[in-house]
>>> print(open('structure-v9.tsv').read())   # TSV, C-alpha atoms
chain	number	residue	atom	x	y	z
A	1	ASP	CA	40.95	60.09	81.29
A	2	VAL	CA	44.25	58.65	82.37
A	3	LYS	CA	44.17	54.93	82.33
A	4	VAL	CA	46.63	52.70	84.14
A	5	THR	CA	46.09	49.01	83.68
A	6	GLN	CA	47.70	46.05	85.41
A	7	SER	CA	47.92	42.63	83.86
A	8	SER	CA	46.16	40.70	86.63
A	9	ARG	CA	43.83	41.51	89.51
A	10	TYR	CA	44.61	38.31	91.35
A	11	LEU	CA	47.64	36.06	91.06
A	12	VAL	CA	48.69	32.93	92.92
A	13	LYS	CA	52.27	31.72	92.61
A	14	ARG	CA	54.47	29.17	94.30
A	15	THR	CA	57.56	29.90	96.33
A	16	GLY	CA	60.62	30.15	94.09
A	17	GLU	CA	58.71	31.02	90.92
A	18	LYS	CA	59.66	34.00	88.81
A	19	VAL	CA	56.76	36.44	88.72
A	20	PHE	CA	56.09	39.26	86.27
A	21	LEU	CA	53.64	42.04	87.02
A	22	GLU	CA	52.89	44.29	84.08
A	23	CYS	CA	51.67	47.87	84.11
A	24	VAL	CA	50.64	49.99	81.14
A	25	GLN	CA	49.63	53.65	81.04
A	26	ASP	CA	48.11	55.46	78.08
A	27	MET	CA	48.81	59.12	78.87
A	28	ASP	CA	52.42	59.46	77.76
A	29	HIS	CA	53.54	59.95	81.36
A	30	GLU	CA	57.23	60.19	82.11
A	31	ASN	CA	57.14	58.68	85.60
A	32	MET	CA	55.98	55.25	86.63
A	33	PHE	CA	55.98	53.64	90.06
A	34	TRP	CA	55.52	50.31	91.78
A	35	TYR	CA	54.22	50.14	95.34
A	36	ARG	CA	53.24	47.39	97.65
A	37	GLN	CA	50.48	47.83	100.16
A	38	ASP	CA	50.16	45.85	103.38
A	39	PRO	CA	47.64	46.30	106.19
A	40	GLY	CA	48.84	48.81	108.75
A	41	LEU	CA	51.87	49.79	106.68
A	42	GLY	CA	50.29	51.95	104.01
A	43	LEU	CA	51.94	52.16	100.60
A	44	ARG	CA	55.64	51.58	100.28
A	45	LEU	CA	57.59	52.43	97.16
A	46	ILE	CA	59.49	49.55	95.58
A	47	TYR	CA	60.94	51.09	92.41
A	48	PHE	CA	60.23	54.00	90.14
A	49	SER	CA	61.24	55.08	86.69
A	50	TYR	CA	61.38	58.59	85.26
A	51	ASP	CA	62.34	57.64	81.73
A	52	VAL	CA	62.63	54.68	79.44
A	53	LYS	CA	65.36	52.31	80.59
A	54	MET	CA	65.86	54.39	83.75
A	55	LYS	CA	65.02	53.05	87.17
A	56	GLU	CA	65.63	54.00	90.74
A	57	LYS	CA	65.19	52.11	93.98
A	58	GLY	CA	62.47	53.09	96.33
A	59	ASP	CA	62.17	52.24	99.99
A	60	ILE	CA	61.92	48.45	99.74
A	61	PRO	CA	63.63	47.21	96.54
A	62	GLU	CA	65.06	43.99	97.97
A	63	GLY	CA	63.77	40.92	96.20
A	64	TYR	CA	62.43	42.91	93.25
A	65	SER	CA	63.65	44.21	89.92
A	66	VAL	CA	61.97	46.30	87.23
A	67	SER	CA	62.09	46.84	83.52
A	68	ARG	CA	61.01	49.76	81.40
A	69	GLU	CA	61.75	49.16	77.74
A	70	LYS	CA	58.90	51.33	76.46
A	71	LYS	CA	57.53	54.54	77.87
A	72	GLU	CA	54.06	53.18	78.49
A	73	ARG	CA	55.06	49.91	80.14
A	74	PHE	CA	56.68	49.25	83.52
A	75	SER	CA	57.21	45.70	84.72
A	76	LEU	CA	57.87	44.48	88.23
A	77	ILE	CA	59.77	41.21	88.53
A	78	LEU	CA	60.02	38.94	91.51
A	79	GLU	CA	63.06	36.82	90.65
A	80	SER	CA	62.23	34.10	93.17
A	81	ALA	CA	58.92	34.66	94.89
A	82	SER	CA	58.73	34.20	98.62
A	83	THR	CA	55.77	34.06	100.99
A	84	ASN	CA	56.67	37.45	102.50
A	85	GLN	CA	56.02	38.97	99.10
A	86	THR	CA	52.34	38.15	99.40
A	87	SER	CA	50.77	41.59	99.11
A	88	MET	CA	48.76	44.04	97.04
A	89	TYR	CA	50.89	45.60	94.30
A	90	LEU	CA	49.92	48.97	92.89
A	91	CYS	CA	51.31	50.61	89.80
A	92	ALA	CA	51.08	54.36	89.23
A	93	SER	CA	52.13	56.95	86.70
A	94	SER	CA	52.51	60.72	86.74
A	95	PRO	CA	53.31	63.36	84.10
A	96	GLY	CA	56.81	64.02	85.49
A	97	GLY	CA	59.38	65.78	83.35
A	98	LEU	CA	59.18	69.51	84.03
A	99	ALA	CA	55.57	69.28	85.16
A	100	GLY	CA	56.43	70.48	88.66
A	101	PHE	CA	53.51	70.43	91.09
A	102	PRO	CA	51.11	68.84	91.52
A	103	ASP	CA	52.26	65.97	89.27
A	104	GLU	CA	49.66	63.74	90.89
A	105	GLN	CA	49.97	60.03	90.51
A	106	TYR	CA	47.32	57.94	88.80
A	107	PHE	CA	46.97	54.39	89.99
A	108	GLY	CA	46.05	51.10	88.43
A	109	PRO	CA	43.50	48.72	90.00
A	110	GLY	CA	46.17	46.70	91.82
A	111	THR	CA	47.29	43.08	91.72
A	112	ARG	CA	46.70	40.94	94.76
A	113	LEU	CA	49.56	38.44	94.75
A	114	THR	CA	49.55	35.36	96.93
A	115	VAL	CA	52.73	33.29	97.20
A	116	THR	CA	52.21	29.82	98.64
B	1	ALA	CA	60.29	59.63	112.19
B	2	GLN	CA	57.11	59.42	110.23
B	3	LYS	CA	56.74	62.07	107.59
B	4	ILE	CA	52.98	61.67	107.32
B	5	THR	CA	50.85	60.82	110.34
B	6	GLN	CA	47.23	59.84	110.22
B	7	THR	CA	46.18	59.26	113.79
B	8	GLN	CA	42.72	57.84	113.12
B	9	PRO	CA	42.89	54.20	111.99
B	10	GLY	CA	39.11	54.14	111.63
B	11	MET	CA	36.19	56.53	111.79
B	12	PHE	CA	32.43	56.39	111.57
B	13	VAL	CA	30.18	59.13	110.28
B	14	GLN	CA	26.44	59.35	109.80
B	15	GLU	CA	25.23	59.75	106.25
B	16	LYS	CA	24.77	63.42	105.24
B	17	GLU	CA	27.03	64.68	108.01
B	18	ALA	CA	30.46	66.22	107.56
B	19	VAL	CA	33.63	64.44	108.66
B	20	THR	CA	37.25	65.51	109.10
B	21	LEU	CA	40.14	63.14	108.53
B	22	ASP	CA	43.35	64.23	110.19
B	23	CYS	CA	46.78	64.43	108.62
B	24	THR	CA	49.96	65.95	109.97
B	25	TYR	CA	53.24	66.08	108.12
B	26	ASP	CA	56.87	66.71	108.80
B	27	THR	CA	59.18	68.47	106.38
B	28	SER	CA	61.88	71.09	106.41
B	29	ASP	CA	61.30	71.95	102.75
B	30	GLN	CA	59.61	75.23	101.87
B	31	SER	CA	58.12	73.85	98.70
B	32	TYR	CA	55.96	70.77	98.96
B	33	GLY	CA	52.59	69.42	98.01
B	34	LEU	CA	49.95	67.55	99.94
B	35	PHE	CA	47.57	65.03	98.42
B	36	TRP	CA	44.61	62.99	99.50
B	37	TYR	CA	43.66	59.69	97.89
B	38	LYS	CA	40.63	57.47	98.35
B	39	GLN	CA	40.83	53.70	98.12
B	40	PRO	CA	37.48	51.88	97.94
B	41	SER	CA	37.27	48.16	98.63
B	42	SER	CA	37.91	47.54	94.92
B	43	GLY	CA	41.51	48.56	95.55
B	44	GLU	CA	42.11	51.39	93.11
B	45	MET	CA	43.61	54.58	94.51
B	46	ILE	CA	41.65	57.65	93.45
B	47	PHE	CA	43.19	61.12	93.58
B	48	LEU	CA	40.88	63.53	95.44
B	49	ILE	CA	42.55	66.84	96.15
B	50	TYR	CA	45.86	68.68	96.17
B	51	GLN	CA	47.27	71.57	98.23
B	52	GLY	CA	50.53	73.31	97.44
B	53	SER	CA	52.61	74.74	100.25
B	54	TYR	CA	52.45	78.21	98.71
B	55	ASP	CA	48.73	78.14	98.04
B	56	GLU	CA	47.08	80.76	100.18
B	57	GLN	CA	43.59	79.40	99.89
B	58	ASN	CA	42.43	76.01	101.05
B	59	ALA	CA	41.85	73.62	98.16
B	60	THR	CA	38.31	72.51	97.40
B	61	GLU	CA	36.97	69.90	94.99
B	62	GLY	CA	33.23	69.40	95.16
B	63	ARG	CA	32.41	67.92	98.57
B	64	TYR	CA	36.08	67.67	99.48
B	65	SER	CA	38.05	70.47	101.05
B	66	LEU	CA	41.47	70.57	102.58
B	67	ASN	CA	41.93	72.43	105.85
B	68	PHE	CA	45.54	73.49	105.45
B	69	GLN	CA	47.26	74.91	108.53
B	70	LYS	CA	50.85	75.45	107.54
B	71	ALA	CA	52.19	76.53	110.91
B	72	ARG	CA	50.74	73.43	112.51
B	73	LYS	CA	51.82	71.27	109.58
B	74	SER	CA	48.39	69.81	109.22
B	75	ALA	CA	46.36	69.08	106.10
B	76	ASN	CA	43.03	67.67	107.19
B	77	LEU	CA	40.49	66.42	104.66
B	78	VAL	CA	36.92	67.55	105.17
B	79	ILE	CA	34.14	65.64	103.45
B	80	SER	CA	30.81	67.41	103.54
B	81	ALA	CA	27.42	65.69	103.30
B	82	SER	CA	28.83	62.17	103.56
B	83	GLN	CA	27.44	59.52	101.26
B	84	LEU	CA	27.46	55.74	101.59
B	85	GLY	CA	29.88	55.62	98.66
B	86	ASP	CA	32.41	57.57	100.70
B	87	SER	CA	33.12	54.46	102.78
B	88	ALA	CA	36.74	53.69	101.94
B	89	MET	CA	40.33	54.03	103.06
B	90	TYR	CA	41.72	57.53	102.80
B	91	PHE	CA	45.41	58.26	102.45
B	92	CYS	CA	47.24	61.51	102.96
B	93	ALA	CA	50.50	61.92	101.03
B	94	MET	CA	53.23	64.50	100.64
B	95	ARG	CA	55.71	65.35	97.94
B	96	GLU	CA	58.64	67.39	99.20
B	97	GLN	CA	60.32	68.80	96.11
B	98	ASN	CA	58.91	70.36	93.01
B	99	TYR	CA	61.56	69.23	90.63
B	100	GLY	CA	60.55	67.05	87.79
B	101	GLY	CA	61.89	63.65	87.05
B	102	SER	CA	63.10	61.36	89.75
B	103	GLN	CA	62.94	63.64	92.74
B	104	GLY	CA	60.08	64.29	95.05
B	105	ASN	CA	58.27	61.00	95.31
B	106	LEU	CA	55.05	60.69	97.26
B	107	ILE	CA	55.24	59.69	100.90
B	108	PHE	CA	52.02	58.12	102.16
B	109	GLY	CA	50.46	57.92	105.58
B	110	LYS	CA	49.02	54.66	106.83
B	111	GLY	CA	45.48	55.62	106.09
B	112	THR	CA	42.13	56.10	107.80
B	113	LYS	CA	39.24	53.76	107.20
B	114	LEU	CA	36.02	55.74	106.96
B	115	SER	CA	32.68	54.03	107.38
B	116	VAL	CA	29.50	55.91	106.54
B	117	LYS	CA	26.42	54.74	108.43
B	118	PRO	CA	22.96	54.99	106.84
>>> encode(input="structure-v9.tsv", output="structure tokens")
Amino acid sequence: DVKVTQSSRYLVKRTGEKVFLECVQDMDHENMFWYRQDPGLGLRLIYFSYDVKMKEKGDIPEGYSVSREKKERFSLILESASTNQTSMYLCASSPGGLAGFPDEQYFGPGTRLTVT
Amino acid sequence: AQKITQTQPGMFVQEKEAVTLDCTYDTSDQSYGLFWYKQPSSGEMIFLIYQGSYDEQNATEGRYSLNFQKARKSANLVISASQLGDSAMYFCAMREQNYGGSQGNLIFGKGTKLSVKP
């Protein structure tokens, strides 16, 4: 089974702190994704990566950066956390490459981040 | 304009009955895929079922089936014989291109909260 793990289920940080959210997948997937999920807004894509050291902005990249130094690991970084970044963060991976359809995404358990 | 519309914020269904969750989509692409995910209260998104735009038959996976009406641009999820464990948020999603790599990311609807009553 595909396994996507996230470093924390719950995290509480203070405004202005630098925050790292880690995601690891064990299926040699090419693509990895970071989403945030807020009530009534569904899932919104922050950043994605289709290869090591490659990254592309999603729909809401402002205030975030990412790092992918190894194929299995994709990190989301909040350079200076703010209260409006309080949210559920979901990491996902998919086979990618020349997989074509369906290339379904497999999700981690999520990290509920609270910024006070 | 929304690409994926789920018009039912919440629904109730009696245990053992069937339920349909609505999803309409908007795309001008000929090649696309439609997905349904389940999110229990634990938070993890679980992939349920997939329908390709060129698939002639409706997709089925156990108790899940996808009622795909291409001309109407709808991809409704049907859950048969509902169980208490089906209580969750359900998300419809679309991927517009079938190229690999960076193109064709998933676009999600806002979800439908399903509650199964005993």
>>> residues_around(input="structure-v9.tsv", residues="Arg68 of chain A", least_positions_apart="5", cutoff="7 Å", atoms="all atoms listed in the file", output="PyMOL selection string")
chain A and resi 52-53+73-75
>>> residues_around(input="structure-v9.tsv", residues="segment 66-69 of chain B", least_positions_apart="4", cutoff="10 Å", atoms="only C-alpha atoms", output="PyMOL selection string")
chain B and resi 20-24+34-36+49-53+55-61+73-79
>>> atom_distance(input="structure-v9.tsv", atom1="atom CA of Asp29 of chain B", atom2="atom CA of Phe101 of chain A")
14.1 Å
>>> closest_atom_pairs(input="structure-v9.tsv", of="chain B", to="chain A", cutoff="12 Å", atoms="all atoms listed in the file", output="JSON lines")
{"residue": "B:Gln2", "atom": "CA", "partner": "A:Leu41", "partner_atom": "CA", "distance": 11.5}
{"residue": "B:Ile4", "atom": "CA", "partner": "A:Gly42", "partner_atom": "CA", "distance": 10.6}
{"residue": "B:Thr5", "atom": "CA", "partner": "A:Gly42", "partner_atom": "CA", "distance": 10.9}
{"residue": "B:Gln6", "atom": "CA", "partner": "A:Gly42", "partner_atom": "CA", "distance": 10.5}
{"residue": "B:Thr7", "atom": "CA", "partner": "A:Gly40", "partner_atom": "CA", "distance": 11.9}
{"residue": "B:Gln8", "atom": "CA", "partner": "A:Gly40", "partner_atom": "CA", "distance": 11.8}
{"residue": "B:Pro9", "atom": "CA", "partner": "A:Gly40", "partner_atom": "CA", "distance": 8.7}
{"residue": "B:Gly10", "atom": "CA", "partner": "A:Gly40", "partner_atom": "CA", "distance": 11.5}
{"residue": "B:Ser31", "atom": "CA", "partner": "A:Phe101", "partner_atom": "CA", "distance": 9.5}
{"residue": "B:Tyr32", "atom": "CA", "partner": "A:Phe101", "partner_atom": "CA", "distance": 8.2}
{"residue": "B:Gly33", "atom": "CA", "partner": "A:Pro102", "partner_atom": "CA", "distance": 6.7}
{"residue": "B:Leu34", "atom": "CA", "partner": "A:Pro102", "partner_atom": "CA", "distance": 8.6}
{"residue": "B:Phe35", "atom": "CA", "partner": "A:Glu104", "partner_atom": "CA", "distance": 7.9}
{"residue": "B:Trp36", "atom": "CA", "partner": "A:Glu104", "partner_atom": "CA", "distance": 10.0}
{"residue": "B:Tyr37", "atom": "CA", "partner": "A:Gln105", "partner_atom": "CA", "distance": 9.7}
{"residue": "B:Lys38", "atom": "CA", "partner": "A:Phe107", "partner_atom": "CA", "distance": 10.9}
{"residue": "B:Gln39", "atom": "CA", "partner": "A:Pro109", "partner_atom": "CA", "distance": 9.9}
{"residue": "B:Pro40", "atom": "CA", "partner": "A:Pro109", "partner_atom": "CA", "distance": 10.5}
{"residue": "B:Ser41", "atom": "CA", "partner": "A:Pro109", "partner_atom": "CA", "distance": 10.7}
{"residue": "B:Ser42", "atom": "CA", "partner": "A:Pro109", "partner_atom": "CA", "distance": 7.5}
{"residue": "B:Gly43", "atom": "CA", "partner": "A:Pro109", "partner_atom": "CA", "distance": 5.9}
{"residue": "B:Glu44", "atom": "CA", "partner": "A:Pro109", "partner_atom": "CA", "distance": 4.3}
{"residue": "B:Met45", "atom": "CA", "partner": "A:Phe107", "partner_atom": "CA", "distance": 5.6}
{"residue": "B:Ile46", "atom": "CA", "partner": "A:Phe107", "partner_atom": "CA", "distance": 7.1}
{"residue": "B:Phe47", "atom": "CA", "partner": "A:Tyr106", "partner_atom": "CA", "distance": 7.1}
{"residue": "B:Leu48", "atom": "CA", "partner": "A:Glu104", "partner_atom": "CA", "distance": 9.9}
{"residue": "B:Ile49", "atom": "CA", "partner": "A:Glu104", "partner_atom": "CA", "distance": 9.4}
{"residue": "B:Tyr50", "atom": "CA", "partner": "A:Pro102", "partner_atom": "CA", "distance": 7.0}
{"residue": "B:Gln51", "atom": "CA", "partner": "A:Pro102", "partner_atom": "CA", "distance": 8.2}
{"residue": "B:Gly52", "atom": "CA", "partner": "A:Pro102", "partner_atom": "CA", "distance": 7.4}
{"residue": "B:Ser53", "atom": "CA", "partner": "A:Phe101", "partner_atom": "CA", "distance": 10.2}
{"residue": "B:Tyr54", "atom": "CA", "partner": "A:Phe101", "partner_atom": "CA", "distance": 10.9}
{"residue": "B:Asp55", "atom": "CA", "partner": "A:Phe101", "partner_atom": "CA", "distance": 11.4}
{"residue": "B:Met89", "atom": "CA", "partner": "A:Gly42", "partner_atom": "CA", "distance": 10.2}
{"residue": "B:Tyr90", "atom": "CA", "partner": "A:Gly42", "partner_atom": "CA", "distance": 10.3}
{"residue": "B:Phe91", "atom": "CA", "partner": "A:Gly42", "partner_atom": "CA", "distance": 8.1}
{"residue": "B:Cys92", "atom": "CA", "partner": "A:Gly42", "partner_atom": "CA", "distance": 10.1}
{"residue": "B:Ala93", "atom": "CA", "partner": "A:Leu43", "partner_atom": "CA", "distance": 9.9}
{"residue": "B:Met94", "atom": "CA", "partner": "A:Pro102", "partner_atom": "CA", "distance": 10.3}
{"residue": "B:Arg95", "atom": "CA", "partner": "A:Pro102", "partner_atom": "CA", "distance": 8.6}
{"residue": "B:Glu96", "atom": "CA", "partner": "A:Phe101", "partner_atom": "CA", "distance": 10.1}
{"residue": "B:Gln97", "atom": "CA", "partner": "A:Gly100", "partner_atom": "CA", "distance": 8.6}
{"residue": "B:Asn98", "atom": "CA", "partner": "A:Gly100", "partner_atom": "CA", "distance": 5.0}
{"residue": "B:Tyr99", "atom": "CA", "partner": "A:Gly100", "partner_atom": "CA", "distance": 5.6}
{"residue": "B:Gly100", "atom": "CA", "partner": "A:Leu98", "partner_atom": "CA", "distance": 4.7}
{"residue": "B:Gly101", "atom": "CA", "partner": "A:Gly97", "partner_atom": "CA", "distance": 5.0}
{"residue": "B:Ser102", "atom": "CA", "partner": "A:Tyr50", "partner_atom": "CA", "distance": 5.5}
{"residue": "B:Gln103", "atom": "CA", "partner": "A:Tyr50", "partner_atom": "CA", "distance": 9.2}
{"residue": "B:Gly104", "atom": "CA", "partner": "A:Gly100", "partner_atom": "CA", "distance": 9.6}
{"residue": "B:Asn105", "atom": "CA", "partner": "A:Leu45", "partner_atom": "CA", "distance": 8.8}
{"residue": "B:Leu106", "atom": "CA", "partner": "A:Gln105", "partner_atom": "CA", "distance": 8.5}
{"residue": "B:Ile107", "atom": "CA", "partner": "A:Arg44", "partner_atom": "CA", "distance": 8.1}
{"residue": "B:Phe108", "atom": "CA", "partner": "A:Leu43", "partner_atom": "CA", "distance": 6.2}
{"residue": "B:Gly109", "atom": "CA", "partner": "A:Gly42", "partner_atom": "CA", "distance": 6.2}
{"residue": "B:Lys110", "atom": "CA", "partner": "A:Gly42", "partner_atom": "CA", "distance": 4.1}
{"residue": "B:Gly111", "atom": "CA", "partner": "A:Gly42", "partner_atom": "CA", "distance": 6.4}
{"residue": "B:Thr112", "atom": "CA", "partner": "A:Gly42", "partner_atom": "CA", "distance": 9.9}
{"residue": "B:Lys113", "atom": "CA", "partner": "A:Gly40", "partner_atom": "CA", "distance": 10.9}
>>> closest_residue(input="structure-v9.tsv", among="A:Tyr35, A:Leu113, A:Asp59, A:Glu72", to="Val19 of chain A", atoms="all atoms listed in the file")
A:Leu113
>>> atom_distance(input="structure-v9.tsv", atom1="atom CA of Thr114 of chain A", atom2="atom CA of Thr5 of chain A")
19.3 Å
>>> residues_near_point(input="structure-v9.tsv", point="(52.8, 34.2, 96.5)", cutoff="7 Å", atoms="all atoms listed in the file", output="list in words")
Val12, Lys13, Arg14, Thr15, Ala81, Ser82, Thr83, Gln85, Thr86, Leu113, Thr114, Val115 and Thr116 of chain A
>>> atom_distance(input="structure-v9.tsv", atom1="atom CA of Ser80 of chain B", atom2="atom CA of Glu17 of chain B")
6.5 Å
>>> residues_around(input="structure-v9.tsv", residues="Ser65 of chain A", least_positions_apart="3", cutoff="8 Å", atoms="all atoms listed in the file", output="ChimeraX atom specification")
/A:47,61,76-79
>>> closest_residue(input="structure-v9.tsv", among="A:Ser87, A:Ser80, A:Gln6, A:Gln25", to="Glu62 of chain A", atoms="only C-alpha atoms")
A:Ser80
>>> residues_near_point(input="structure-v9.tsv", point="(58.3, 64.4, 108.5)", cutoff="6 Å", atoms="all atoms listed in the file", output="list in words")
Gln2, Lys3, Tyr25, Asp26 and Thr27 of chain B
>>> residues_around(input="structure-v9.tsv", residues="Ala18 of chain B", least_positions_apart="3", cutoff="10 Å", atoms="all atoms listed in the file", output="PyMOL selection string")
chain B and resi 13-15+63-64+78-83
>>> build_atoms(input="structure-v9.tsv", residues="segment 40-49 of chain B", atoms="all heavy atoms", output="PDB file, keeping the file's coordinate frame")
ATOM      1  N   PRO B  40      38.649  52.722  97.623  1.00  0.00           N
ATOM      2  CA  PRO B  40      37.480  51.880  97.940  1.00  0.00           C
ATOM      3  C   PRO B  40      37.918  50.415  98.071  1.00  0.00           C
ATOM      4  O   PRO B  40      39.071  50.072  97.807  1.00  0.00           O
ATOM      5  CB  PRO B  40      36.567  52.070  96.715  1.00  0.00           C
ATOM      6  CG  PRO B  40      37.203  53.121  95.872  1.00  0.00           C
ATOM      7  CD  PRO B  40      38.630  53.266  96.275  1.00  0.00           C
ATOM      8  N   SER B  41      36.958  49.588  98.427  1.00  0.00           N
ATOM      9  CA  SER B  41      37.270  48.160  98.630  1.00  0.00           C
ATOM     10  C   SER B  41      37.752  47.496  97.336  1.00  0.00           C
ATOM     11  O   SER B  41      38.397  46.447  97.387  1.00  0.00           O
ATOM     12  CB  SER B  41      36.067  47.426  99.187  1.00  0.00           C
ATOM     13  OG  SER B  41      34.951  47.607  98.342  1.00  0.00           O
ATOM     14  N   SER B  42      37.438  48.093  96.201  1.00  0.00           N
ATOM     15  CA  SER B  42      37.910  47.540  94.920  1.00  0.00           C
ATOM     16  C   SER B  42      39.424  47.635  94.769  1.00  0.00           C
ATOM     17  O   SER B  42      40.012  46.924  93.958  1.00  0.00           O
ATOM     18  CB  SER B  42      37.229  48.280  93.759  1.00  0.00           C
ATOM     19  OG  SER B  42      37.520  49.668  93.828  1.00  0.00           O
ATOM     20  N   GLY B  43      40.049  48.525  95.525  1.00  0.00           N
ATOM     21  CA  GLY B  43      41.510  48.560  95.550  1.00  0.00           C
ATOM     22  C   GLY B  43      42.162  49.715  94.821  1.00  0.00           C
ATOM     23  O   GLY B  43      43.312  50.050  95.105  1.00  0.00           O
ATOM     24  N   GLU B  44      41.482  50.325  93.895  1.00  0.00           N
ATOM     25  CA  GLU B  44      42.110  51.390  93.110  1.00  0.00           C
ATOM     26  C   GLU B  44      42.241  52.662  93.931  1.00  0.00           C
ATOM     27  O   GLU B  44      41.329  53.059  94.626  1.00  0.00           O
ATOM     28  CB  GLU B  44      41.281  51.663  91.861  1.00  0.00           C
ATOM     29  CG  GLU B  44      41.904  52.649  90.898  1.00  0.00           C
ATOM     30  CD  GLU B  44      41.174  52.699  89.573  1.00  0.00           C
ATOM     31  OE1 GLU B  44      40.324  51.837  89.342  1.00  0.00           O
ATOM     32  OE2 GLU B  44      41.480  53.597  88.773  1.00  0.00           O
ATOM     33  N   MET B  45      43.372  53.318  93.836  1.00  0.00           N
ATOM     34  CA  MET B  45      43.610  54.580  94.510  1.00  0.00           C
ATOM     35  C   MET B  45      43.112  55.715  93.634  1.00  0.00           C
ATOM     36  O   MET B  45      43.507  55.835  92.475  1.00  0.00           O
ATOM     37  CB  MET B  45      45.108  54.785  94.777  1.00  0.00           C
ATOM     38  CG  MET B  45      45.714  53.767  95.698  1.00  0.00           C
ATOM     39  SD  MET B  45      45.406  54.140  97.412  1.00  0.00           S
ATOM     40  CE  MET B  45      46.590  55.438  97.678  1.00  0.00           C
ATOM     41  N   ILE B  46      42.260  56.565  94.206  1.00  0.00           N
ATOM     42  CA  ILE B  46      41.650  57.650  93.450  1.00  0.00           C
ATOM     43  C   ILE B  46      42.132  58.977  94.010  1.00  0.00           C
ATOM     44  O   ILE B  46      41.952  59.253  95.199  1.00  0.00           O
ATOM     45  CB  ILE B  46      40.116  57.564  93.528  1.00  0.00           C
ATOM     46  CG1 ILE B  46      39.636  56.209  93.001  1.00  0.00           C
ATOM     47  CG2 ILE B  46      39.470  58.718  92.759  1.00  0.00           C
ATOM     48  CD1 ILE B  46      38.204  55.893  93.352  1.00  0.00           C
ATOM     49  N   PHE B  47      42.720  59.806  93.165  1.00  0.00           N
ATOM     50  CA  PHE B  47      43.190  61.120  93.580  1.00  0.00           C
ATOM     51  C   PHE B  47      41.997  62.017  93.878  1.00  0.00           C
ATOM     52  O   PHE B  47      41.067  62.134  93.075  1.00  0.00           O
ATOM     53  CB  PHE B  47      44.063  61.721  92.480  1.00  0.00           C
ATOM     54  CG  PHE B  47      44.360  63.176  92.654  1.00  0.00           C
ATOM     55  CD1 PHE B  47      45.179  63.607  93.683  1.00  0.00           C
ATOM     56  CD2 PHE B  47      43.822  64.121  91.805  1.00  0.00           C
ATOM     57  CE1 PHE B  47      45.462  64.942  93.850  1.00  0.00           C
ATOM     58  CE2 PHE B  47      44.092  65.462  91.958  1.00  0.00           C
ATOM     59  CZ  PHE B  47      44.914  65.879  92.984  1.00  0.00           C
ATOM     60  N   LEU B  48      42.009  62.684  95.038  1.00  0.00           N
ATOM     61  CA  LEU B  48      40.880  63.530  95.440  1.00  0.00           C
ATOM     62  C   LEU B  48      41.202  65.018  95.352  1.00  0.00           C
ATOM     63  O   LEU B  48      40.423  65.795  94.795  1.00  0.00           O
ATOM     64  CB  LEU B  48      40.484  63.212  96.885  1.00  0.00           C
ATOM     65  CG  LEU B  48      39.901  61.838  97.180  1.00  0.00           C
ATOM     66  CD1 LEU B  48      39.622  61.720  98.671  1.00  0.00           C
ATOM     67  CD2 LEU B  48      38.651  61.590  96.367  1.00  0.00           C
ATOM     68  N   ILE B  49      42.328  65.411  95.969  1.00  0.00           N
ATOM     69  CA  ILE B  49      42.550  66.840  96.150  1.00  0.00           C
ATOM     70  C   ILE B  49      44.018  67.096  96.411  1.00  0.00           C
ATOM     71  O   ILE B  49      44.735  66.230  96.944  1.00  0.00           O
ATOM     72  CB  ILE B  49      41.662  67.367  97.313  1.00  0.00           C
ATOM     73  CG1 ILE B  49      41.575  68.896  97.310  1.00  0.00           C
ATOM     74  CG2 ILE B  49      42.152  66.840  98.663  1.00  0.00           C
ATOM     75  CD1 ILE B  49      40.460  69.416  98.230  1.00  0.00           C
TER      76      ILE B  49
END
